[in-house]
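J.: Compact mmCIF, C-alpha atoms, file final_23.txt:
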# COMPACT_ATOMS: atom_id res chain seq x y z
CA GLN A 14 -6.23 22.77 -4.87
CA LYS A 15 -3.86 20.03 -3.75
CA GLU A 16 -0.26 21.09 -3.24
CA VAL A 17 1.04 18.29 -5.49
CA GLU A 18 -1.22 16.57 -8.00
CA GLN A 19 -0.68 13.37 -9.94
CA ASN A 20 -2.97 11.22 -12.00
CA SER A 21 -3.51 8.05 -9.97
CA GLY A 22 -3.53 5.83 -13.07
CA PRO A 23 -2.94 3.07 -13.69
CA LEU A 24 -0.83 4.06 -16.65
CA SER A 25 -0.40 0.99 -18.81
CA VAL A 26 2.41 0.78 -21.35
CA PRO A 27 3.87 -2.15 -23.28
CA GLU A 28 7.42 -3.30 -22.64
CA GLY A 29 9.93 -1.19 -24.53
CA ALA A 30 7.68 1.87 -24.75
CA ILE A 31 8.21 5.27 -23.15
CA ALA A 32 6.23 5.90 -19.98
CA SER A 33 5.41 9.55 -19.23
CA LEU A 34 4.44 10.49 -15.70
CA ASN A 35 3.24 13.98 -14.86
CA CYS A 36 2.97 16.13 -11.75
CA THR A 37 1.75 19.66 -11.09
CA TYR A 38 2.33 21.71 -7.96
CA SER A 39 0.79 24.82 -6.47
CA ASP A 40 3.66 26.62 -4.65
CA ARG A 41 5.27 29.02 -7.16
CA VAL A 42 8.45 29.33 -5.11
CA SER A 43 9.19 25.60 -4.85
CA GLN A 44 12.83 24.93 -5.57
CA SER A 45 13.41 21.19 -5.19
CA PHE A 46 11.66 18.37 -7.00
CA PHE A 47 12.01 14.63 -6.60
CA TRP A 48 10.68 11.42 -8.09
CA TYR A 49 10.39 8.30 -5.96
CA ARG A 50 9.48 4.76 -6.98
CA GLN A 51 7.49 2.64 -4.55
CA TYR A 52 6.92 -1.05 -5.06
CA SER A 53 3.92 -2.57 -3.34
CA GLY A 54 4.69 -3.19 0.33
CA LYS A 55 8.02 -1.37 0.16
CA SER A 56 9.21 2.09 1.10
CA PRO A 57 9.81 4.87 -1.45
CA GLU A 58 13.12 4.78 -3.32
CA LEU A 59 14.61 8.00 -4.70
CA ILE A 60 15.20 7.80 -8.44
CA MET A 61 15.60 11.40 -9.59
CA SER A 62 16.05 14.91 -8.25
CA ILE A 63 15.82 18.12 -10.28
CA TYR A 64 16.30 21.71 -9.22
CA SER A 65 16.43 23.85 -12.39
CA ASN A 66 14.30 24.19 -15.50
CA GLY A 67 14.96 21.77 -18.31
CA ASP A 68 15.78 18.11 -18.59
CA LYS A 69 17.92 15.88 -16.42
CA GLU A 70 18.82 12.43 -17.65
CA ASP A 71 19.98 9.41 -15.68
CA GLY A 72 20.08 6.15 -17.57
CA ARG A 73 16.59 5.32 -18.80
CA PHE A 74 15.06 8.09 -16.68
CA THR A 75 14.60 11.74 -17.67
CA ALA A 76 13.11 14.32 -15.35
CA GLN A 77 11.70 17.49 -16.88
CA LEU A 78 10.95 20.69 -14.96
CA ASN A 79 9.02 23.74 -16.07
CA LYS A 80 8.71 26.19 -13.16
CA ALA A 81 6.68 28.70 -15.16
CA SER A 82 4.01 26.08 -15.74
CA GLN A 83 4.55 24.51 -12.30
CA TYR A 84 4.97 21.16 -13.93
CA VAL A 85 7.43 18.32 -13.48
CA SER A 86 7.49 15.06 -15.37
CA LEU A 87 9.34 11.76 -15.47
CA LEU A 88 10.01 9.85 -18.65
CA ILE A 89 11.02 6.21 -18.53
CA ARG A 90 12.49 4.96 -21.79
CA ASP A 91 12.51 1.29 -22.81
CA SER A 92 10.05 0.48 -20.02
CA GLN A 93 10.50 -2.91 -18.37
CA PRO A 94 8.01 -5.02 -16.38
CA SER A 95 10.27 -4.38 -13.37
CA ASP A 96 9.38 -0.67 -13.68
CA SER A 97 5.82 -1.51 -12.66
CA ALA A 98 5.36 0.43 -9.42
CA THR A 99 3.82 3.58 -8.02
CA TYR A 100 5.77 6.74 -8.81
CA LEU A 101 5.60 9.56 -6.29
CA CYS A 102 6.33 13.17 -7.12
CA ALA A 103 7.65 15.26 -4.21
CA VAL A 104 8.02 19.04 -4.11
CA SER A 105 9.56 21.31 -1.48
CA THR A 106 7.18 23.98 -0.24
CA MET A 107 7.07 26.77 2.34
CA ASN A 108 3.27 26.89 2.60
CA THR A 109 3.21 26.20 6.33
CA GLY A 110 5.97 28.69 7.10
CA PHE A 111 8.52 25.91 7.29
CA GLN A 112 10.08 24.30 4.28
CA LYS A 113 8.89 20.74 3.88
CA LEU A 114 8.54 18.09 1.21
CA VAL A 115 5.01 17.42 0.01
CA PHE A 116 4.27 14.18 -1.81
CA GLY A 117 1.67 13.52 -4.45
CA THR A 118 -0.50 10.45 -4.07
CA GLY A 119 1.38 8.71 -6.86
CA THR A 120 0.78 7.30 -10.31
CA ARG A 121 0.63 3.54 -10.68
CA LEU A 122 2.58 2.33 -13.71
CA LEU A 123 1.94 -1.07 -15.26
CA VAL A 124 4.39 -2.33 -17.89
CA SER A 125 3.12 -5.36 -19.73
CA PRO A 126 5.51 -7.92 -21.31
CA GLY B 1 27.13 2.42 3.25
CA ALA B 2 24.30 1.60 5.63
CA GLY B 3 20.94 3.11 4.84
CA VAL B 4 18.20 4.29 7.15
CA SER B 5 17.11 1.58 9.56
CA GLN B 6 13.86 1.32 11.48
CA SER B 7 12.64 -0.96 14.21
CA PRO B 8 10.53 -2.86 14.74
CA SER B 9 9.54 -3.78 11.20
CA ASN B 10 6.10 -4.83 12.43
CA LYS B 11 4.22 -3.96 15.58
CA VAL B 12 0.82 -5.22 16.65
CA THR B 13 -0.61 -3.55 19.71
CA GLU B 14 -3.88 -3.33 21.53
CA LYS B 15 -5.94 -0.17 21.48
CA GLY B 16 -4.95 2.10 24.34
CA LYS B 17 -1.36 0.90 24.65
CA ASP B 18 1.67 3.08 24.01
CA VAL B 19 4.18 2.28 21.27
CA GLU B 20 7.68 3.47 20.44
CA LEU B 21 9.09 3.39 16.93
CA ARG B 22 12.78 3.86 16.31
CA CYS B 23 14.72 5.33 13.41
CA ASP B 24 18.46 5.30 12.84
CA PRO B 25 19.40 7.69 10.00
CA ILE B 26 22.23 7.51 7.52
CA SER B 27 25.49 8.48 9.20
CA GLY B 28 26.24 12.17 8.69
CA HIS B 29 22.66 13.13 7.84
CA THR B 30 21.58 15.98 10.07
CA ALA B 31 17.94 16.11 8.97
CA LEU B 32 15.42 13.41 9.89
CA TYR B 33 11.75 13.11 8.94
CA TRP B 34 8.82 11.01 10.02
CA TYR B 35 5.94 10.25 7.66
CA ARG B 36 2.87 8.06 7.86
CA GLN B 37 1.33 6.11 4.99
CA SER B 38 -2.06 4.54 5.43
CA LEU B 39 -3.19 1.70 3.16
CA GLY B 40 -3.55 3.00 -0.38
CA GLN B 41 -2.88 6.57 0.70
CA GLY B 42 -0.13 9.07 0.09
CA LEU B 43 2.67 10.04 2.42
CA GLU B 44 1.60 12.21 5.34
CA PHE B 45 4.32 14.38 6.88
CA LEU B 46 4.51 14.14 10.67
CA ILE B 47 7.63 15.89 11.96
CA TYR B 48 11.06 17.10 10.89
CA PHE B 49 14.27 17.29 12.92
CA GLN B 50 17.29 19.38 12.12
CA GLY B 51 19.91 18.10 14.54
CA ASN B 52 18.09 17.50 17.81
CA SER B 53 15.49 20.22 17.37
CA ALA B 54 12.15 19.93 15.65
CA PRO B 55 11.38 23.23 13.90
CA ASP B 56 8.28 21.80 12.27
CA LYS B 57 5.86 19.68 14.28
CA SER B 58 2.86 20.79 12.24
CA GLY B 59 2.07 17.33 10.96
CA LEU B 60 1.64 15.54 14.26
CA PRO B 61 -2.03 14.43 14.16
CA SER B 62 -2.73 14.82 17.89
CA ASP B 63 -1.07 15.33 21.25
CA ARG B 64 -0.84 11.56 21.58
CA PHE B 65 2.04 11.71 19.12
CA SER B 66 5.49 12.87 20.15
CA ALA B 67 8.99 12.46 18.85
CA GLU B 68 12.48 13.10 20.03
CA ARG B 69 15.96 12.87 18.64
CA THR B 70 19.07 12.60 20.73
CA GLY B 71 22.72 13.04 19.83
CA GLY B 72 21.71 14.23 16.40
CA SER B 73 21.17 10.63 15.40
CA VAL B 74 18.54 8.13 16.54
CA SER B 75 14.94 9.28 16.75
CA THR B 76 11.94 7.73 18.45
CA LEU B 77 8.31 8.37 17.58
CA THR B 78 5.97 7.64 20.46
CA ILE B 79 2.24 7.14 20.15
CA GLN B 80 0.36 7.12 23.41
CA ARG B 81 -3.04 5.48 23.94
CA THR B 82 -3.07 4.06 20.43
CA GLN B 83 -6.27 4.09 18.43
CA GLN B 84 -7.28 1.94 15.47
CA GLU B 85 -6.91 4.91 13.13
CA ASP B 86 -3.22 5.00 14.03
CA SER B 87 -2.73 1.77 12.05
CA ALA B 88 -0.39 2.61 9.17
CA VAL B 89 3.17 2.28 7.96
CA TYR B 90 5.42 4.77 9.70
CA LEU B 91 8.33 5.80 7.52
CA CYS B 92 11.49 7.59 8.52
CA ALA B 93 13.77 9.42 6.10
CA SER B 94 17.00 11.32 6.43
CA SER B 95 18.86 13.88 4.35
CA LEU B 96 22.17 15.70 4.50
CA SER B 97 20.57 18.93 5.68
CA GLY B 98 17.07 20.27 5.16
CA VAL B 99 14.32 19.55 2.68
CA SER B 100 16.23 20.85 -0.33
CA TYR B 101 18.36 17.76 -0.10
CA GLU B 102 17.48 14.28 -1.24
CA GLN B 103 15.64 12.23 1.36
CA TYR B 104 16.33 8.53 1.75
CA PHE B 105 13.73 6.33 3.35
CA GLY B 106 14.00 3.46 5.76
CA PRO B 107 11.98 0.25 5.31
CA GLY B 108 9.20 1.45 7.62
CA THR B 109 7.37 0.10 10.63
CA ARG B 110 3.95 -1.42 10.00
CA LEU B 111 1.77 -0.62 13.01
CA THR B 112 -1.46 -2.49 13.55
CA VAL B 113 -3.74 -1.47 16.40
CA THR B 114 -6.30 -4.12 17.29
Would you encode the structure as structure tokens?
T.:
Amino acid sequence: QKEVEQNSGPLSVPEGAIASLNCTYSDRVSQSFFWYRQYSGKSPELIMSIYSNGDKEDGRFTAQLNKASQYVSLLIRDSQPSDSATYLCAVSTMNTGFQKLVFGTGTRLLVSP
Amino acid sequence: GAGVSQSPSNKVTEKGKDVELRCDPISGHTALYWYRQSLGQGLEFLIYFQGNSAPDKSGLPSDRFSAERTGGSVSTLTIQRTQQEDSAVYLCASSLSGVSYEQYFGPGTRLTVT
């Protein structure tokens, strides 16, 4: 089982719709969760962090965390073509004996005008 | 304020040569990370520095890879006797302190080994 799993996509949504991106993780004691956006040819850009169960909203973005289900998601409301990118989920883990951030392979989002 | 900077932005080298990649973290960030991203692949953790020490070197792919950080700031990643499989984008990130904190990435160095 991968430490952090994401559907590779592409996830296609029309402009103005809600895009829902999902991520599951294997380390039950993970405490820190992050979403990054990566445009093609660019480096990852942090868009959301979440540390406790529930929802966290920032503008058009909402991160949702459910530690019991080991599940974190990102909702993008009123999706825009400029949101088209790969979204990386990152989770802190102690699996190697040291705490480190493990990244999923990303979900590609395509927002069509 | 200034973000994470990396140099060079691109490096083309011949197989067998050594290369040095540099990272300058955000001022005040004590933690620094190196990752590698091959074409179409996810981020692969290489090494983590807290201050000048590297408590976790578990991700270094071979003994040809080494990294150091001096003065709690700039870090260099050195790859000796480069191989074609070393071709990738090498990304550096920094955070206030430790992996619980948000990591901010530099623009990366694209390494091509011919």
J.: Find the residues around Arg50 (chain A) up to 10 Å (only C-alpha atoms counted), leave out those fewer than 3 positions away in its own chain, and share them as a PDB file with C-alpha atoms, in the coordinates of the input.
T.:
ATOM      1  CA  SER A  53       3.920  -2.570  -3.340  1.00  0.00           C
ATOM      2  CA  LYS A  55       8.020  -1.370   0.160  1.00  0.00           C
ATOM      3  CA  SER A  56       9.210   2.090   1.100  1.00  0.00           C
ATOM      4  CA  PRO A  57       9.810   4.870  -1.450  1.00  0.00           C
ATOM      5  CA  GLU A  58      13.120   4.780  -3.320  1.00  0.00           C
ATOM      6  CA  LEU A  59      14.610   8.000  -4.700  1.00  0.00           C
ATOM      7  CA  ILE A  60      15.200   7.800  -8.440  1.00  0.00           C
ATOM      8  CA  MET A  61      15.600  11.400  -9.590  1.00  0.00           C
ATOM      9  CA  ASP A  96       9.380  -0.670 -13.680  1.00  0.00           C
ATOM     10  CA  SER A  97       5.820  -1.510 -12.660  1.00  0.00           C
ATOM     11  CA  ALA A  98       5.360   0.430  -9.420  1.00  0.00           C
ATOM     12  CA  THR A  99       3.820   3.580  -8.020  1.00  0.00           C
ATOM     13  CA  TYR A 100       5.770   6.740  -8.810  1.00  0.00           C
ATOM     14  CA  LEU A 101       5.600   9.560  -6.290  1.00  0.00           C
ATOM     15  CA  CYS A 102       6.330  13.170  -7.120  1.00  0.00           C
ATOM     16  CA  GLY A 119       1.380   8.710  -6.860  1.00  0.00           C
ATOM     17  CA  THR A 120       0.780   7.300 -10.310  1.00  0.00           C
ATOM     18  CA  ARG A 121       0.630   3.540 -10.680  1.00  0.00           C
ATOM     19  CA  LEU A 122       2.580   2.330 -13.710  1.00  0.00           C
TER      20      LEU A 122
END
J.: List as JSON lines every residue of chain A that is in contact with chain B, defined as an atom at most 6 Å from one of its atoms (using all atoms listed in the file), together with the nearest atom pair and the distance in Å rounded to one decimal, sorted by chain and then rising number.
T.:
{"residue": "A:Ser45", "atom": "CA", "partner": "B:Ser100", "partner_atom": "CA", "distance": 5.6}
{"residue": "A:Ser56", "atom": "CA", "partner": "B:Pro107", "partner_atom": "CA", "distance": 5.4}
{"residue": "A:Lys113", "atom": "CA", "partner": "B:Val99", "partner_atom": "CA", "distance": 5.7}
{"residue": "A:Thr118", "atom": "CA", "partner": "B:Gly42", "partner_atom": "CA", "distance": 4.4}
J.: Near Ser75 (chain B), within 7 Å and counting all atoms listed in the file, which residues show up once chain neighbours fewer than 2 positions away are dropped, as a list in words?
T.: Arg22, Cys23, Asp24, Glu68, Arg69, Thr70, Ser73 and Leu77 of chain B
J.: For Gly28 (chain B), which residue out of B:Gly16, B:Gly59, B:Pro8, B:Gly3 is the nearest one, using all atoms listed in the file?
T.: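 Going through B:Gly16, B:Gly59, B:Pro8, B:Gly3 one by one, the smallest distance to Gly28 (chain B) is for B:Gly3.
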J.: For Ser33 (chain A), find every residue with an atom within 7 Å (counting only C-alpha atoms), except residues of its own chain fewer than 5 positions away, and show them as an NGL selection string.
T.: :A and (87-89)
J.: One number please: CA of Asp91 (chain A) to CA of Tyr38 (chain A), in Å, one decimal.
T.: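 Between these atoms lies a distance of 27.2 Å.
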J.: Can you tell me which residues surround Gln84 (chain B) at a distance of at most 9 Å, considering only C-alpha atoms, apart from same-chain residues fewer than 6 positions away, and format the answer as a VMD selection string?
T.: chain B and resid 14 to 15 112 to 114
J.: Please produce a file of those selected residues containing C-alpha atoms, as a tab-separated table (two decimals), in the coordinates of the input.
T.:
chain	number	residue	atom	x	y	z
B	14	GLU	CA	-3.88	-3.33	21.53
B	15	LYS	CA	-5.94	-0.17	21.48
B	112	THR	CA	-1.46	-2.49	13.55
B	113	VAL	CA	-3.74	-1.47	16.40
B	114	THR	CA	-6.30	-4.12	17.29
J.: Between CA of Ser65 (chain A) and CA of Asn79 (chain A), what is the spacing in Å?
T.: 8.3 Å
J.: Please indicate the distance in Å from CA of Tyr84 (chain A) to CA of Asn35 (chain A), rounded to one decimal place.
T.: 7.4 Å
J.: Using only C-alpha atoms for the distances, tell me which of B:Ser97, B:Gln50, B:Thr13, B:Gln6 is nearest to Gly72 (chain B).
T.: B:Gln50
J.: Calculate, to one decimal in Å, the centre and edge lengths of the box along x, y and z of the file that holds all listed atoms of region 93-103 of chain A with 8 Å of margin on each side, and present them as AutoDock Vina command-line options.
T.:
--center_x 7.2 --center_y 5.1 --center_z -11.3 --size_x 22.7 --size_y 36.3 --size_z 30.2
J.: For each of B:Ser5, B:Phe65, B:Gly51, B:Gln83, take the minimum atom-to-atom distance to Pro25 (chain B), counting all atoms listed in the file, then give the residue where this is smallest.
T.: B:Ser5
J.: Would you mind listing what lies within 12 Å of Glu16 (chain A) as a PyMOL selection string, with only C-alpha atoms counted and same-chain residues fewer than 3 positions away left out?
T.: chain A and resi 19+36-41+43+83-84+102-109+113-118
J.: Pick out the closest residue to Val19 (chain B) from this set: B:Gln80, B:Ser7, B:Ser66, B:Ser53. Count all atoms listed in the file.
T.: B:Gln80
J.: I need the residue nearest Tyr35 (chain B) from this list: B:Val74, B:Arg81, B:Ser95, B:Leu60. Use all atoms listed in the file for the distance.
T.: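 Ranking B:Val74, B:Arg81, B:Ser95, B:Leu60 by distance to Tyr35 (chain B), first place goes to B:Leu60.
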J.: My list of candidates is A:Pro94, A:Thr75, A:Val124, A:Ser82. Which is closest to Val42 (chain A) when distances are computed with all atoms listed in the file?
T.: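 With all atoms listed in the file as the atom set, the closest residue is A:Ser82.
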J.: Could I see region 58-91 of chain B restored to N, CA and C atoms, set down as a short mmCIF file (atom, residue, chain, number, x, y, z; two decimals), in the coordinates of the input?
T.:
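Okay, rebuild.cif is ready:
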data_model
loop_
_atom_site.label_atom_id
_atom_site.label_comp_id
_atom_site.auth_asym_id
_atom_site.auth_seq_id
_atom_site.Cartn_x
_atom_site.Cartn_y
_atom_site.Cartn_z
N SER B 58 4.21 20.47 12.68
CA SER B 58 2.86 20.79 12.24
C SER B 58 2.07 19.57 11.82
N GLY B 59 2.78 18.49 11.46
CA GLY B 59 2.07 17.33 10.96
C GLY B 59 1.62 16.33 12.01
N LEU B 60 2.05 16.50 13.24
CA LEU B 60 1.64 15.54 14.26
C LEU B 60 0.12 15.58 14.40
N PRO B 61 -0.56 14.44 14.24
CA PRO B 61 -2.03 14.43 14.16
C PRO B 61 -2.73 14.77 15.47
N SER B 62 -2.10 14.51 16.60
CA SER B 62 -2.73 14.82 17.89
C SER B 62 -1.66 14.86 18.96
N ASP B 63 -2.05 15.26 20.16
CA ASP B 63 -1.07 15.33 21.25
C ASP B 63 -0.69 13.96 21.78
N ARG B 64 -1.27 12.91 21.20
CA ARG B 64 -0.84 11.56 21.58
C ARG B 64 0.48 11.20 20.90
N PHE B 65 0.82 11.97 19.89
CA PHE B 65 2.04 11.71 19.12
C PHE B 65 3.15 12.64 19.61
N SER B 66 4.32 12.07 19.81
CA SER B 66 5.49 12.87 20.15
C SER B 66 6.72 12.21 19.55
N ALA B 67 7.76 13.00 19.40
CA ALA B 67 8.99 12.46 18.85
C ALA B 67 10.16 13.18 19.46
N GLU B 68 11.26 12.47 19.56
CA GLU B 68 12.48 13.10 20.03
C GLU B 68 13.66 12.53 19.26
N ARG B 69 14.73 13.30 19.28
CA ARG B 69 15.96 12.87 18.64
C ARG B 69 17.11 13.27 19.56
N THR B 70 17.97 12.34 19.81
CA THR B 70 19.07 12.60 20.73
C THR B 70 20.40 12.37 20.02
N GLY B 71 21.38 13.19 20.40
CA GLY B 71 22.72 13.04 19.83
C GLY B 71 22.77 13.29 18.34
N GLY B 72 21.74 13.95 17.83
CA GLY B 72 21.71 14.23 16.40
C GLY B 72 21.63 12.99 15.54
N SER B 73 21.21 11.88 16.16
CA SER B 73 21.17 10.63 15.40
C SER B 73 19.82 9.94 15.54
N VAL B 74 19.74 8.96 16.42
CA VAL B 74 18.54 8.13 16.54
C VAL B 74 17.33 8.96 16.97
N SER B 75 16.19 8.62 16.39
CA SER B 75 14.94 9.28 16.75
C SER B 75 13.91 8.23 17.15
N THR B 76 13.06 8.60 18.09
CA THR B 76 11.94 7.73 18.45
C THR B 76 10.63 8.50 18.28
N LEU B 77 9.67 7.84 17.71
CA LEU B 77 8.31 8.37 17.58
C LEU B 77 7.45 7.58 18.56
N THR B 78 6.79 8.29 19.45
CA THR B 78 5.97 7.64 20.46
C THR B 78 4.51 7.98 20.23
N ILE B 79 3.68 6.95 20.25
CA ILE B 79 2.24 7.14 20.15
C ILE B 79 1.63 6.62 21.45
N GLN B 80 0.98 7.51 22.14
CA GLN B 80 0.36 7.12 23.41
C GLN B 80 -1.11 6.77 23.16
N ARG B 81 -1.61 5.85 23.98
CA ARG B 81 -3.04 5.48 23.94
C ARG B 81 -3.47 5.25 22.49
N THR B 82 -2.83 4.29 21.86
CA THR B 82 -3.07 4.06 20.43
C THR B 82 -4.54 3.81 20.12
N GLN B 83 -4.92 4.27 18.96
CA GLN B 83 -6.27 4.09 18.43
C GLN B 83 -6.18 3.31 17.13
N GLN B 84 -7.29 2.74 16.70
CA GLN B 84 -7.28 1.94 15.47
C GLN B 84 -6.89 2.78 14.26
N GLU B 85 -7.25 4.05 14.27
CA GLU B 85 -6.91 4.91 13.13
C GLU B 85 -5.42 5.22 13.05
N ASP B 86 -4.67 4.82 14.08
CA ASP B 86 -3.22 5.00 14.03
C ASP B 86 -2.55 3.91 13.20
N SER B 87 -3.29 2.87 12.84
CA SER B 87 -2.73 1.77 12.05
C SER B 87 -2.27 2.31 10.70
N ALA B 88 -1.00 2.09 10.40
CA ALA B 88 -0.39 2.61 9.17
C ALA B 88 1.06 2.13 9.12
N VAL B 89 1.72 2.47 8.03
CA VAL B 89 3.17 2.28 7.96
C VAL B 89 3.82 3.61 8.31
N TYR B 90 4.70 3.57 9.28
CA TYR B 90 5.42 4.77 9.70
C TYR B 90 6.81 4.73 9.08
N LEU B 91 7.09 5.75 8.28
CA LEU B 91 8.33 5.80 7.52
C LEU B 91 9.23 6.91 8.05
#
